[in-house]
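What follows is the content of coords.txt (compact mmCIF, N, CA and C atoms).
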```
# COMPACT_ATOMS: atom_id res chain seq x y z
N MET B 9 -142.73 -5.00 -153.50
CA MET B 9 -143.46 -4.28 -152.50
C MET B 9 -142.71 -4.32 -151.17
N SER B 10 -142.12 -5.46 -150.85
CA SER B 10 -141.36 -5.58 -149.61
C SER B 10 -140.20 -4.60 -149.59
N SER B 11 -139.53 -4.43 -150.73
CA SER B 11 -138.41 -3.49 -150.78
C SER B 11 -138.90 -2.06 -150.64
N GLU B 12 -140.14 -1.76 -151.12
CA GLU B 12 -140.70 -0.41 -150.94
C GLU B 12 -140.91 -0.10 -149.47
N LYS B 13 -141.38 -1.07 -148.70
CA LYS B 13 -141.56 -0.86 -147.27
C LYS B 13 -140.21 -0.57 -146.60
N ASN B 14 -139.21 -1.33 -146.97
CA ASN B 14 -137.89 -1.13 -146.39
C ASN B 14 -137.34 0.24 -146.74
N ILE B 15 -137.57 0.69 -147.96
CA ILE B 15 -137.11 2.00 -148.39
C ILE B 15 -137.84 3.08 -147.59
N ASN B 16 -139.16 2.94 -147.44
CA ASN B 16 -139.92 3.93 -146.67
C ASN B 16 -139.44 3.99 -145.23
N ARG B 17 -139.17 2.86 -144.64
CA ARG B 17 -138.66 2.85 -143.28
C ARG B 17 -137.28 3.47 -143.20
N LEU B 18 -136.47 3.21 -144.19
CA LEU B 18 -135.14 3.77 -144.22
C LEU B 18 -135.20 5.28 -144.33
N ILE B 19 -136.10 5.79 -145.17
CA ILE B 19 -136.24 7.24 -145.33
C ILE B 19 -136.74 7.85 -144.03
N GLN B 20 -137.69 7.22 -143.40
CA GLN B 20 -138.20 7.73 -142.13
C GLN B 20 -137.11 7.70 -141.07
N PHE B 21 -136.34 6.66 -141.05
CA PHE B 21 -135.28 6.52 -140.06
C PHE B 21 -134.21 7.59 -140.26
N ILE B 22 -133.86 7.87 -141.50
CA ILE B 22 -132.83 8.86 -141.79
C ILE B 22 -133.31 10.26 -141.42
N SER B 23 -134.59 10.51 -141.60
CA SER B 23 -135.09 11.87 -141.37
C SER B 23 -135.50 12.12 -139.92
N ILE B 24 -135.33 11.14 -139.05
CA ILE B 24 -135.76 11.30 -137.66
C ILE B 24 -134.61 11.78 -136.79
N VAL B 25 -134.94 12.63 -135.84
CA VAL B 25 -133.95 13.13 -134.88
C VAL B 25 -133.73 12.02 -133.85
N LEU B 26 -132.52 11.89 -133.36
CA LEU B 26 -132.18 10.81 -132.44
C LEU B 26 -133.08 10.80 -131.21
N ASN B 27 -133.37 11.94 -130.63
CA ASN B 27 -134.22 12.00 -129.44
C ASN B 27 -135.64 11.51 -129.73
N GLU B 28 -136.11 11.70 -130.95
CA GLU B 28 -137.44 11.22 -131.32
C GLU B 28 -137.46 9.70 -131.49
N LEU B 29 -136.32 9.11 -131.70
CA LEU B 29 -136.21 7.67 -131.88
C LEU B 29 -136.07 6.93 -130.56
N ILE B 30 -135.45 7.56 -129.59
CA ILE B 30 -135.13 6.89 -128.33
C ILE B 30 -136.39 6.48 -127.56
N GLN B 31 -137.36 7.37 -127.39
CA GLN B 31 -138.53 7.06 -126.57
C GLN B 31 -139.36 5.91 -127.15
N PRO B 32 -139.68 5.89 -128.44
CA PRO B 32 -140.41 4.73 -128.96
C PRO B 32 -139.63 3.43 -128.81
N LEU B 33 -138.32 3.48 -128.94
CA LEU B 33 -137.51 2.28 -128.74
C LEU B 33 -137.58 1.82 -127.29
N LYS B 34 -137.50 2.75 -126.35
CA LYS B 34 -137.61 2.41 -124.93
C LYS B 34 -138.97 1.77 -124.65
N ASN B 35 -140.02 2.35 -125.19
CA ASN B 35 -141.37 1.80 -124.97
C ASN B 35 -141.49 0.39 -125.53
N GLN B 36 -140.96 0.18 -126.72
CA GLN B 36 -141.02 -1.14 -127.34
C GLN B 36 -140.23 -2.16 -126.54
N ILE B 37 -139.07 -1.77 -126.06
CA ILE B 37 -138.24 -2.67 -125.26
C ILE B 37 -138.96 -3.02 -123.95
N LYS B 38 -139.60 -2.05 -123.31
CA LYS B 38 -140.36 -2.31 -122.08
C LYS B 38 -141.47 -3.32 -122.34
N GLU B 39 -142.19 -3.15 -123.43
CA GLU B 39 -143.27 -4.08 -123.76
C GLU B 39 -142.74 -5.49 -124.02
N GLU B 40 -141.61 -5.57 -124.71
CA GLU B 40 -141.01 -6.88 -124.98
C GLU B 40 -140.58 -7.56 -123.69
N PHE B 41 -140.01 -6.79 -122.75
CA PHE B 41 -139.61 -7.35 -121.46
C PHE B 41 -140.82 -7.82 -120.66
N LYS B 42 -141.90 -7.06 -120.69
CA LYS B 42 -143.12 -7.47 -119.98
C LYS B 42 -143.63 -8.80 -120.52
N GLU B 43 -143.66 -8.94 -121.83
CA GLU B 43 -144.13 -10.18 -122.46
C GLU B 43 -143.19 -11.33 -122.12
N LEU B 44 -141.91 -11.09 -122.18
CA LEU B 44 -140.93 -12.13 -121.85
C LEU B 44 -141.07 -12.55 -120.39
N LYS B 45 -141.24 -11.59 -119.51
CA LYS B 45 -141.40 -11.89 -118.09
C LYS B 45 -142.65 -12.73 -117.85
N ARG B 46 -143.73 -12.40 -118.55
CA ARG B 46 -144.98 -13.15 -118.40
C ARG B 46 -144.78 -14.59 -118.86
N GLN B 47 -144.05 -14.80 -119.93
CA GLN B 47 -143.85 -16.13 -120.47
C GLN B 47 -142.89 -16.97 -119.64
N VAL B 48 -141.97 -16.32 -118.93
CA VAL B 48 -140.93 -17.04 -118.21
C VAL B 48 -141.31 -17.30 -116.75
N GLN B 49 -142.45 -16.78 -116.30
CA GLN B 49 -142.87 -17.01 -114.92
C GLN B 49 -142.93 -18.50 -114.63
N PRO B 50 -142.41 -18.91 -113.48
CA PRO B 50 -142.48 -20.33 -113.15
C PRO B 50 -143.93 -20.77 -113.02
N LYS B 51 -144.23 -21.89 -113.57
CA LYS B 51 -145.60 -22.39 -113.54
C LYS B 51 -145.82 -23.17 -112.25
N GLU B 52 -146.97 -22.91 -111.65
CA GLU B 52 -147.30 -23.63 -110.43
C GLU B 52 -147.74 -25.04 -110.81
N PRO B 53 -147.38 -26.02 -109.99
CA PRO B 53 -147.81 -27.38 -110.30
C PRO B 53 -149.33 -27.48 -110.21
N GLU B 54 -149.89 -28.30 -111.07
CA GLU B 54 -151.34 -28.48 -111.11
C GLU B 54 -151.80 -29.16 -109.82
N GLU B 55 -152.89 -28.66 -109.27
CA GLU B 55 -153.46 -29.27 -108.06
C GLU B 55 -154.61 -30.17 -108.47
N TYR B 56 -154.57 -31.40 -108.00
CA TYR B 56 -155.62 -32.37 -108.29
C TYR B 56 -156.50 -32.54 -107.06
N LEU B 57 -157.80 -32.60 -107.30
CA LEU B 57 -158.77 -32.74 -106.23
C LEU B 57 -159.49 -34.08 -106.35
N THR B 58 -159.83 -34.67 -105.23
CA THR B 58 -160.64 -35.88 -105.23
C THR B 58 -162.10 -35.49 -105.47
N ARG B 59 -162.95 -36.47 -105.68
CA ARG B 59 -164.38 -36.21 -105.86
C ARG B 59 -164.95 -35.51 -104.63
N ASN B 60 -164.54 -35.97 -103.45
CA ASN B 60 -165.05 -35.35 -102.23
C ASN B 60 -164.59 -33.90 -102.08
N GLU B 61 -163.36 -33.63 -102.48
CA GLU B 61 -162.87 -32.25 -102.41
C GLU B 61 -163.63 -31.35 -103.38
N VAL B 62 -163.92 -31.86 -104.58
CA VAL B 62 -164.70 -31.09 -105.55
C VAL B 62 -166.12 -30.88 -105.02
N LYS B 63 -166.69 -31.90 -104.44
CA LYS B 63 -168.03 -31.82 -103.85
C LYS B 63 -168.07 -30.72 -102.79
N ASP B 64 -167.07 -30.71 -101.91
CA ASP B 64 -167.01 -29.70 -100.85
C ASP B 64 -166.76 -28.31 -101.42
N LEU B 65 -165.89 -28.23 -102.42
CA LEU B 65 -165.57 -26.94 -103.04
C LEU B 65 -166.80 -26.32 -103.68
N LEU B 66 -167.58 -27.13 -104.40
CA LEU B 66 -168.75 -26.62 -105.11
C LEU B 66 -170.04 -26.70 -104.28
N LYS B 67 -169.93 -27.32 -103.10
CA LYS B 67 -171.09 -27.45 -102.21
C LYS B 67 -172.26 -28.14 -102.89
N VAL B 68 -171.95 -29.29 -103.48
CA VAL B 68 -172.97 -30.11 -104.13
C VAL B 68 -172.81 -31.55 -103.66
N ASP B 69 -173.72 -32.41 -104.07
CA ASP B 69 -173.70 -33.82 -103.71
C ASP B 69 -172.77 -34.59 -104.65
N LEU B 70 -172.27 -35.74 -104.19
CA LEU B 70 -171.40 -36.57 -105.04
C LEU B 70 -172.11 -37.00 -106.31
N SER B 71 -173.41 -37.23 -106.25
CA SER B 71 -174.15 -37.63 -107.45
C SER B 71 -174.13 -36.51 -108.50
N THR B 72 -174.12 -35.27 -108.05
CA THR B 72 -174.04 -34.13 -108.97
C THR B 72 -172.68 -34.13 -109.67
N ILE B 73 -171.62 -34.37 -108.92
CA ILE B 73 -170.28 -34.45 -109.50
C ILE B 73 -170.24 -35.57 -110.54
N HIS B 74 -170.83 -36.71 -110.21
CA HIS B 74 -170.88 -37.85 -111.14
C HIS B 74 -171.64 -37.47 -112.41
N ASN B 75 -172.79 -36.83 -112.26
CA ASN B 75 -173.60 -36.43 -113.43
C ASN B 75 -172.87 -35.39 -114.29
N TRP B 76 -172.25 -34.42 -113.66
CA TRP B 76 -171.52 -33.40 -114.42
C TRP B 76 -170.35 -34.02 -115.18
N THR B 77 -169.73 -35.02 -114.59
CA THR B 77 -168.62 -35.71 -115.26
C THR B 77 -169.14 -36.49 -116.47
N LYS B 78 -170.26 -37.20 -116.29
CA LYS B 78 -170.84 -37.96 -117.41
C LYS B 78 -171.27 -37.05 -118.55
N ARG B 79 -171.78 -35.86 -118.22
CA ARG B 79 -172.23 -34.91 -119.25
C ARG B 79 -171.08 -34.10 -119.86
N GLY B 80 -169.90 -34.25 -119.31
CA GLY B 80 -168.74 -33.54 -119.86
C GLY B 80 -168.54 -32.15 -119.29
N LYS B 81 -169.29 -31.78 -118.27
CA LYS B 81 -169.10 -30.46 -117.66
C LYS B 81 -167.83 -30.42 -116.82
N LEU B 82 -167.46 -31.57 -116.25
CA LEU B 82 -166.20 -31.71 -115.53
C LEU B 82 -165.42 -32.84 -116.16
N LYS B 83 -164.11 -32.69 -116.23
CA LYS B 83 -163.25 -33.71 -116.81
C LYS B 83 -162.53 -34.44 -115.69
N ALA B 84 -162.69 -35.74 -115.64
CA ALA B 84 -162.07 -36.56 -114.60
C ALA B 84 -160.79 -37.20 -115.12
N TYR B 85 -159.85 -37.39 -114.19
CA TYR B 85 -158.58 -38.06 -114.46
C TYR B 85 -158.46 -39.20 -113.46
N GLY B 86 -157.84 -40.27 -113.84
CA GLY B 86 -157.75 -41.40 -112.93
C GLY B 86 -156.40 -42.06 -112.90
N ILE B 87 -156.11 -42.61 -111.74
CA ILE B 87 -154.95 -43.46 -111.54
C ILE B 87 -155.47 -44.66 -110.75
N GLY B 88 -155.39 -45.83 -111.35
CA GLY B 88 -155.96 -47.00 -110.68
C GLY B 88 -157.45 -46.81 -110.49
N ASN B 89 -157.91 -47.00 -109.26
CA ASN B 89 -159.33 -46.81 -108.95
C ASN B 89 -159.65 -45.39 -108.50
N ARG B 90 -158.66 -44.54 -108.43
CA ARG B 90 -158.85 -43.18 -107.94
C ARG B 90 -159.28 -42.24 -109.06
N VAL B 91 -160.16 -41.30 -108.72
CA VAL B 91 -160.63 -40.29 -109.68
C VAL B 91 -160.22 -38.92 -109.15
N TYR B 92 -159.64 -38.12 -110.04
CA TYR B 92 -159.19 -36.77 -109.67
C TYR B 92 -159.71 -35.76 -110.68
N TYR B 93 -159.75 -34.51 -110.25
CA TYR B 93 -160.14 -33.38 -111.09
C TYR B 93 -159.08 -32.30 -110.93
N LYS B 94 -158.75 -31.64 -112.01
CA LYS B 94 -157.81 -30.52 -111.92
C LYS B 94 -158.56 -29.31 -111.37
N ARG B 95 -157.98 -28.69 -110.34
CA ARG B 95 -158.62 -27.53 -109.72
C ARG B 95 -158.89 -26.44 -110.75
N SER B 96 -157.93 -26.17 -111.61
CA SER B 96 -158.08 -25.10 -112.60
C SER B 96 -159.26 -25.38 -113.53
N GLU B 97 -159.46 -26.65 -113.91
CA GLU B 97 -160.57 -27.00 -114.80
C GLU B 97 -161.91 -26.92 -114.07
N VAL B 98 -161.92 -27.28 -112.79
CA VAL B 98 -163.16 -27.15 -112.01
C VAL B 98 -163.54 -25.67 -111.91
N GLU B 99 -162.56 -24.82 -111.66
CA GLU B 99 -162.83 -23.38 -111.55
C GLU B 99 -163.26 -22.80 -112.89
N GLN B 100 -162.70 -23.30 -113.99
CA GLN B 100 -163.09 -22.82 -115.31
C GLN B 100 -164.49 -23.27 -115.69
N ALA B 101 -164.94 -24.36 -115.10
CA ALA B 101 -166.28 -24.88 -115.42
C ALA B 101 -167.37 -23.97 -114.87
N ILE B 102 -167.02 -23.16 -113.90
CA ILE B 102 -167.98 -22.21 -113.33
C ILE B 102 -168.04 -21.01 -114.26
N LYS B 103 -169.20 -20.81 -114.85
CA LYS B 103 -169.37 -19.76 -115.86
C LYS B 103 -170.32 -18.68 -115.33
N PRO B 104 -170.12 -17.44 -115.75
CA PRO B 104 -171.03 -16.38 -115.30
C PRO B 104 -172.43 -16.56 -115.92
N LEU B 105 -173.44 -16.21 -115.15
CA LEU B 105 -174.81 -16.26 -115.66
C LEU B 105 -175.13 -14.95 -116.38
N ASN B 106 -175.89 -15.04 -117.45
CA ASN B 106 -176.26 -13.82 -118.19
C ASN B 106 -177.52 -13.22 -117.66
```
Written as structure tokens, that's how I'd like the structure from this file.
Amino acid sequence: MSSEKNINRLIQFISIVLNELIQPLKNQIKEEFKELKRQVQPKEPEEYLTRNEVKDLLKVDLSTIHNWTKRGKLKAYGIGNRVYYKRSEVEQAIKPLN
């Protein structure tokens, strides 16, 4: 079956006029470059927020941040006695209401 597909493509390729082949190839190459460009974009370093910064960002009390962390709504990271939250994860935790 695989060889049948190759034969069909070969027949189609042989019967196509060069000008009819160029535009689809250009379009495919453009799409591949767009995808490659998206993948190669330099990644911004992750921003970490303290509990107070998250509290101020979300305009809630520190106890709310503590409760959301215990319930798993926010994921905390720590170094020593310090607690941090990734900004991207805090922003993702905000979900649209239905």
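Between atom C of Asn27 of chain B and atom CA of Glu39 of chain B there is a distance of 18.4 Å.
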Considering only C-alpha atoms, return as a PyMOL selection string whatever protein or nucleic-acid residues lie within 10 Å of Val98 of chain B, sequence-local ones (same chain, fewer than 3 positions apart) excluded. chain B and resi 56-57+62+65-66+81-84+93-95+101-102
Please measure the separation of atom N of Tyr92 of chain B and atom CA of Pro50 of chain B, giving the value in Å to one decimal.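 Value for the atom N of Tyr92 of chain B-atom CA of Pro50 of chain B distance: 24.9 Å.
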Per DSSP on the backbone, filter segment 50-99 of chain B down to the residues in helix (DSSP H, G or I) and report them as an MDAnalysis selection string. chainID B and resid 59:66 70:79 95:99
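One finds atom CA of Glu99 of chain B at 13.1 Å from atom CA of Asp64 of chain B.
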Is it possible to get the axis-aligned box enclosing segment 36-49 of chain B (all listed atoms, 6 Å extra per side) as AutoDock Vina command-line options, with centre and edge lengths in Å rounded to one decimal?
```
--center_x -141.6 --center_y -9.2 --center_z -121.0 --size_x 18.7 --size_y 30.7 --size_z 24.7
```
Output as a VMD selection string all residues of segment 25-92 of chain B that backbone DSSP marks as strand (DSSP E). chain B and resid 56 to 58 84 to 87 90 to 92
Using all atoms listed in the file: which of B:Glu43, B:Arg59, B:Glu54, B:Arg90 has the shortest distance to Ile73 of chain B: B:Arg59
Which is closest to Asn60 of chain B among B:Trp76, B:Val91, B:Lys45, B:Tyr85, if we use all atoms listed in the file?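 Comparing B:Trp76, B:Val91, B:Lys45, B:Tyr85 against Asn60 of chain B, the winner is B:Val91.
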